[in-house]
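Structure file work-v9.pdb (PDB, C-alpha atoms) follows.
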```pdb
ATOM      1  CA  MET A 857      61.039 311.367  -9.014
ATOM      2  CA  SER A 858      59.216 309.357 -11.654
ATOM      3  CA  PRO A 859      59.552 305.559 -11.735
ATOM      4  CA  VAL A 860      61.790 305.800 -14.799
ATOM      5  CA  GLU A 861      64.112 308.257 -13.001
ATOM      6  CA  ASN A 862      64.418 306.079  -9.882
ATOM      7  CA  PRO A 863      67.345 303.718 -10.551
ATOM      8  CA  VAL A 864      66.326 301.218  -7.838
ATOM      9  CA  LEU A 865      62.841 300.906  -9.270
ATOM     10  CA  GLN A 866      64.107 300.757 -12.855
ATOM     11  CA  ARG A 867      66.634 298.011 -12.074
ATOM     12  CA  THR A 868      63.975 296.042 -10.235
ATOM     13  CA  ARG A 869      61.512 296.369 -13.112
ATOM     14  CA  ASN A 870      64.265 295.389 -15.586
ATOM     15  CA  TRP A 871      65.026 292.304 -13.473
ATOM     16  CA  VAL A 872      61.352 291.303 -13.416
ATOM     17  CA  GLU A 873      61.021 291.820 -17.161
ATOM     18  CA  GLN A 874      64.355 290.415 -18.375
ATOM     19  CA  ILE A 875      65.077 287.642 -15.871
ATOM     20  CA  VAL A 876      61.849 286.585 -14.151
ATOM     21  CA  ILE A 877      59.607 286.962 -17.213
ATOM     22  CA  GLY A 878      62.255 286.763 -19.941
ATOM     23  CA  LEU A 879      63.453 283.372 -18.717
ATOM     24  CA  ASN A 880      59.937 282.347 -17.637
ATOM     25  CA  LEU A 881      61.128 281.642 -14.089
ATOM     26  CA  CYS A 882      57.659 282.503 -12.823
ATOM     27  CA  PRO A 883      54.908 281.644 -15.292
ATOM     28  CA  PHE A 884      52.487 283.920 -13.409
ATOM     29  CA  ALA A 885      54.555 287.122 -13.483
ATOM     30  CA  GLU A 886      53.945 288.410 -16.996
ATOM     31  CA  PRO A 887      50.231 289.295 -16.724
ATOM     32  CA  VAL A 888      50.619 291.211 -13.445
ATOM     33  CA  PHE A 889      53.693 293.015 -14.794
ATOM     34  CA  LYS A 890      52.021 293.998 -18.063
ATOM     35  CA  ASN A 891      48.832 295.050 -16.258
ATOM     36  CA  ASP A 892      50.861 297.157 -13.802
ATOM     37  CA  GLN A 893      49.522 295.207 -10.804
ATOM     38  CA  ILE A 894      52.836 295.014  -8.944
ATOM     39  CA  ASP A 895      53.391 297.436  -6.092
ATOM     40  CA  TYR A 896      57.058 298.354  -5.667
ATOM     41  CA  THR A 897      57.953 299.612  -2.202
ATOM     42  CA  ILE A 898      61.474 300.881  -1.651
ATOM     43  CA  ILE A 899      62.525 300.891   1.991
ATOM     44  CA  ASN A 900      65.668 302.889   2.583
ATOM     45  CA  ALA A 901      68.088 302.790   5.484
ATOM     46  CA  GLY A 902      66.641 302.032   8.858
ATOM     47  CA  ASN A 903      66.702 299.337  11.469
ATOM     48  CA  LEU A 904      65.057 295.943  11.553
ATOM     49  CA  GLU A 905      62.172 297.120  13.734
ATOM     50  CA  GLN A 906      61.388 299.977  11.325
ATOM     51  CA  HIS A 907      61.543 297.593   8.389
ATOM     52  CA  LEU A 908      59.100 295.186  10.023
ATOM     53  CA  ARG A 909      56.702 298.089  10.672
ATOM     54  CA  SER A 910      56.999 299.005   6.992
ATOM     55  CA  LEU A 911      56.234 295.405   6.061
ATOM     56  CA  ALA A 912      53.115 295.497   8.252
ATOM     57  CA  GLU A 913      52.070 298.640   6.356
ATOM     58  CA  CYS A 914      52.531 296.740   3.086
ATOM     59  CA  PHE A 915      50.105 294.072   4.333
ATOM     60  CA  THR A 916      47.588 296.828   5.098
ATOM     61  CA  THR A 917      48.128 298.407   1.682
ATOM     62  CA  LEU A 918      47.379 295.103  -0.044
ATOM     63  CA  ASP A 919      44.328 294.606   2.180
ATOM     64  CA  GLY A 920      42.857 297.867   0.921
ATOM     65  CA  SER A 921      44.005 297.661  -2.702
ATOM     66  CA  PRO A 922      42.443 294.761  -4.602
ATOM     67  CA  GLU A 923      43.845 296.163  -7.861
ATOM     68  CA  ILE A 924      47.358 295.367  -6.593
ATOM     69  CA  GLU A 925      48.103 291.708  -7.195
ATOM     70  CA  THR A 926      51.508 291.450  -5.555
ATOM     71  CA  SER A 927      54.166 293.578  -3.904
ATOM     72  CA  LEU A 928      57.952 293.711  -4.113
ATOM     73  CA  ILE A 929      59.502 295.259  -1.019
ATOM     74  CA  ILE A 930      63.010 296.405  -1.891
ATOM     75  CA  PHE A 931      65.856 297.116   0.549
ATOM     76  CA  PRO A 932      68.573 298.781  -1.570
ATOM     77  CA  GLU A 933      70.686 299.963   1.382
ATOM     78  CA  ASP A 934      70.302 297.203   3.961
ATOM     79  CA  TYR A 935      70.695 293.424   4.299
ATOM     80  CA  GLN A 936      73.585 293.205   1.854
ATOM     81  CA  ALA A 937      74.980 290.301   3.882
ATOM     82  CA  PHE A 938      72.892 287.226   3.099
ATOM     83  CA  ASP A 939      72.842 286.087   6.750
ATOM     84  CA  ASP A 940      71.395 289.461   7.812
ATOM     85  CA  TYR A 941      68.787 289.099   5.096
ATOM     86  CA  LEU A 942      67.874 285.613   6.329
ATOM     87  CA  GLU A 943      67.182 287.118   9.761
ATOM     88  CA  LEU A 944      64.863 289.673   8.126
ATOM     89  CA  LEU A 945      63.130 286.874   6.226
ATOM     90  CA  TYR A 946      62.667 284.780   9.372
ATOM     91  CA  LEU A 947      61.229 287.711  11.341
ATOM     92  CA  SER A 948      59.037 288.731   8.394
ATOM     93  CA  ASN A 949      57.485 285.272   8.327
ATOM     94  CA  GLU A 950      56.980 285.506  12.107
ATOM     95  CA  LEU A 951      55.233 288.854  11.572
ATOM     96  CA  LEU A 952      53.031 287.309   8.893
ATOM     97  CA  SER A 953      51.937 284.752  11.467
ATOM     98  CA  ASP A 954      51.639 287.207  14.375
ATOM     99  CA  LEU A 955      49.365 289.482  12.325
ATOM    100  CA  ALA A 956      47.204 286.498  11.274
ATOM    101  CA  TYR A 957      48.050 286.820   7.577
ATOM    102  CA  VAL A 958      49.016 283.172   7.100
ATOM    103  CA  GLY A 959      46.681 281.889   4.395
ATOM    104  CA  THR A 960      46.135 285.409   3.072
ATOM    105  CA  TYR A 961      49.677 286.287   2.026
ATOM    106  CA  GLN A 962      52.946 284.469   1.678
ATOM    107  CA  LEU A 963      56.491 285.697   1.305
ATOM    108  CA  ALA A 964      59.010 284.787  -1.346
ATOM    109  CA  SER A 965      62.614 285.851  -0.970
ATOM    110  CA  PHE A 966      65.186 287.356  -3.321
ATOM    111  CA  HIS A 967      68.736 288.549  -2.675
ATOM    112  CA  PRO A 968      71.798 289.352  -4.831
ATOM    113  CA  ASP A 969      73.771 286.587  -3.088
ATOM    114  CA  TYR A 970      70.972 284.055  -2.605
ATOM    115  CA  VAL A 971      72.243 280.515  -2.028
ATOM    116  CA  PHE A 972      69.923 277.567  -1.534
ATOM    117  CA  GLU A 973      70.705 275.363   1.430
ATOM    118  CA  GLY A 974      73.009 272.564   0.319
ATOM    119  CA  SER A 975      74.003 274.434  -2.839
ATOM    120  CA  SER A 976      77.337 275.996  -3.716
ATOM    121  CA  GLU A 977      77.598 279.759  -4.220
ATOM    122  CA  ASP A 978      78.450 279.298  -7.897
ATOM    123  CA  ASP A 979      75.477 277.067  -8.722
ATOM    124  CA  ALA A 980      73.536 278.817 -11.482
ATOM    125  CA  ALA A 981      70.300 277.462  -9.954
ATOM    126  CA  ASN A 982      70.624 280.119  -7.230
ATOM    127  CA  PHE A 983      69.660 282.729  -9.823
ATOM    128  CA  THR A 984      66.022 281.666  -9.472
ATOM    129  CA  ASN A 985      66.133 283.755  -6.277
ATOM    130  CA  ARG A 986      68.891 286.257  -7.066
ATOM    131  CA  SER A 987      67.864 289.838  -7.635
ATOM    132  CA  PRO A 988      69.485 293.267  -7.952
ATOM    133  CA  TYR A 989      68.646 294.101  -4.312
ATOM    134  CA  PRO A 990      67.522 292.286  -1.183
ATOM    135  CA  MET A 991      63.743 292.080  -1.427
ATOM    136  CA  LEU A 992      60.656 290.363  -0.144
ATOM    137  CA  HIS A 993      57.856 289.353  -2.471
ATOM    138  CA  LEU A 994      54.438 289.587  -0.875
ATOM    139  CA  ILE A 995      51.997 287.297  -2.698
ATOM    140  CA  ARG A 996      48.222 286.998  -2.348
ATOM    141  CA  GLU A 997      47.572 283.317  -1.649
ATOM    142  CA  HIS A 998      44.168 283.238  -3.354
ATOM    143  CA  SER A 999      45.669 284.699  -6.536
ATOM    144  CA  LEU A1000      48.490 282.186  -6.459
ATOM    145  CA  GLU A1001      46.065 279.303  -5.965
ATOM    146  CA  LYS A1002      43.940 280.562  -8.862
ATOM    147  CA  ALA A1003      46.973 280.874 -11.153
ATOM    148  CA  ILE A1004      48.232 277.427 -10.170
ATOM    149  CA  SER A1005      44.844 275.867 -10.922
ATOM    150  CA  HIS A1006      45.139 277.061 -14.536
ATOM    151  CA  TYR A1007      48.746 276.021 -15.029
ATOM    152  CA  PRO A1008      49.615 272.448 -15.967
ATOM    153  CA  ASP A1009      52.502 270.725 -14.193
ATOM    154  CA  VAL A1010      53.187 273.574 -11.764
ATOM    155  CA  GLU A1011      55.269 271.132  -9.709
ATOM    156  CA  GLN A1012      57.785 271.051 -12.571
ATOM    157  CA  VAL A1013      58.464 274.805 -12.514
ATOM    158  CA  PRO A1014      61.309 274.680  -9.932
ATOM    159  CA  GLU A1015      62.963 271.696 -11.626
ATOM    160  CA  ASN A1016      62.627 273.315 -15.054
ATOM    161  CA  ASN A1017      64.132 276.548 -13.714
ATOM    162  CA  ILE A1018      67.100 274.738 -12.205
ATOM    163  CA  LYS A1019      67.739 272.877 -15.443
ATOM    164  CA  LYS A1020      67.362 276.025 -17.568
ATOM    165  CA  LEU A1021      69.664 278.134 -15.390
ATOM    166  CA  ARG A1022      72.323 275.450 -15.190
ATOM    167  CA  GLU A1023      72.232 275.159 -18.994
ATOM    168  CA  ILE A1024      72.728 278.929 -19.267
ATOM    169  CA  GLY A1025      75.531 278.691 -16.715
ATOM    170  CA  TYR A1026      76.706 280.627 -13.713
ATOM    171  CA  GLU A1027      78.953 283.114 -15.537
ATOM    172  CA  ARG A1028      76.306 284.061 -18.115
ATOM    173  CA  MET A1029      73.639 284.492 -15.427
ATOM    174  CA  LYS A1030      76.017 286.535 -13.296
ATOM    175  CA  LYS A1031      76.701 288.779 -16.280
ATOM    176  CA  ARG A1032      72.976 289.192 -17.020
ATOM    177  CA  LEU A1033      72.284 290.291 -13.461
ATOM    178  CA  GLU A1034      75.299 292.622 -13.476
ATOM    179  CA  GLU A1035      74.078 294.217 -16.724
ATOM    180  CA  ILE A1036      70.757 295.006 -15.072
ATOM    181  CA  ASN A1037      72.658 296.709 -12.258
ATOM    182  CA  THR A1038      74.526 299.094 -14.561
TER     183      THR A1038
END
```

Rewrite the structure of this file - the entire thing - as structure tokens.
Amino acid sequence: MSPVENPVLQRTRNWVEQIVIGLNLCPFAEPVFKNDQIDYTIINAGNLEQHLRSLAECFTTLDGSPEIETSLIIFPEDYQAFDDYLELLYLSNELLSDLAYVGTYQLASFHPDYVFEGSSEDDAANFTNRSPYPMLHLIREHSLEKAISHYPDVEQVPENNIKKLREIGYERMKKRLEEINT
């Protein structure tokens, strides 16, 4: 099945292009997207142990593939409950440490029902980390540091995103994400 025929991959790519890049939520995403330097790994049904083994394989893939800048690991069938996803995220960060990848890679987290601690479910700011599917974003630290060094006021990015998304509003952001999923 080609990438265009795979609906999970297509929705994920649409989300990156229309939400992440389109709203400039991550100022570093556009070049790697346009240069096709994002690895998309879809992990279908399985158990937590299998998923962590797959994540370890993703670390190895990045180790041996300098042309890949970043990886999105997508779980379209599992971790639909946000609390289950948070357990995956916690154990994934533990694995990162156990395999001595701290300082080499870091994980960012995205989920359809993402809610920041202390935030309400209907706060539009949550859409900075809401995605069509539960996913982990595996980032090369050296690439992130390099990108940050060339970007002025990187500390303002989260605050700017919160302000922008709240101006757009919860209902409009919810609709945008739903449109990607259809």

Output the residue selection produced by the PyMOL selection byres ((chain A and resi 1027-1037) around 7) on the file above, formatted as a PDB file with C-alpha atoms, keeping the file's coordinate frame.
```
ATOM      1  CA  ARG A 867      66.634 298.011 -12.074  1.00  0.00           C
ATOM      2  CA  ASN A 870      64.265 295.389 -15.586  1.00  0.00           C
ATOM      3  CA  TRP A 871      65.026 292.304 -13.473  1.00  0.00           C
ATOM      4  CA  ALA A 980      73.536 278.817 -11.482  1.00  0.00           C
ATOM      5  CA  PRO A 988      69.485 293.267  -7.952  1.00  0.00           C
ATOM      6  CA  ILE A1024      72.728 278.929 -19.267  1.00  0.00           C
ATOM      7  CA  GLY A1025      75.531 278.691 -16.715  1.00  0.00           C
ATOM      8  CA  TYR A1026      76.706 280.627 -13.713  1.00  0.00           C
ATOM      9  CA  THR A1038      74.526 299.094 -14.561  1.00  0.00           C
TER      10      THR A1038
END
```

Evaluate the PyMOL selection byres ((chain A and resi 995) around 6) here and jot the selected residues down as a tab-separated table (two decimals) with C-alpha atoms, in the frame of the given file.
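File written: out.tsv
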```tsv
chain	number	residue	atom	x	y	z
A	926	THR	CA	51.51	291.45	-5.56
A	961	TYR	CA	49.68	286.29	2.03
A	962	GLN	CA	52.95	284.47	1.68
A	994	LEU	CA	54.44	289.59	-0.88
A	996	ARG	CA	48.22	287.00	-2.35
```

Residues in the PyMOL selection byres ((chain A and resi 906-910) around 12), expressed as number ranges by chain | A: 897-905, 911-917, 929-931, 933-935, 941, 943-952, 954-955, 991-992

d(CA of Ile924 in chain A, CA of Glu873 in chain A) in Å = 17.6 Å

Quote the spacing between CA of His1006 in chain A and CA of Leu879 in chain A in Å to one decimal place.
-> 19.8 Å

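In terms of minimum interatomic distance to Ile875 in chain A, A:Thr984 ranks closest within A:Thr984, A:Leu1000, A:Ser965, A:Leu928, counting only C-alpha atoms.
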
Using only C-alpha atoms: which of A:Asp940, A:Asp1009, A:Glu997, A:Asp978 has the shortest distance to Arg1022 in chain A | A:Asp978

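Proximity ranking of A:Ile1004, A:Ile1018, A:Cys882, A:Ala981 relative to Ala964 in chain A places A:Cys882 first, based on only C-alpha atoms.
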
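Across A:Leu918, A:Leu865, A:Val888, A:Val876, the tightest approach to Asn1017 in chain A is made by A:Val876 when counting all atoms listed in the file.
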
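For the atom pair formed by CA of Tyr970 in chain A and CA of Phe938 in chain A, the distance is 6.8 Å, given to one decimal.
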
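Of the listed residues A:Glu923, A:Thr960, A:Ser1005, A:Phe972, the one whose atoms come nearest to Asp892 in chain A is A:Glu923, with distances taken using only C-alpha atoms.
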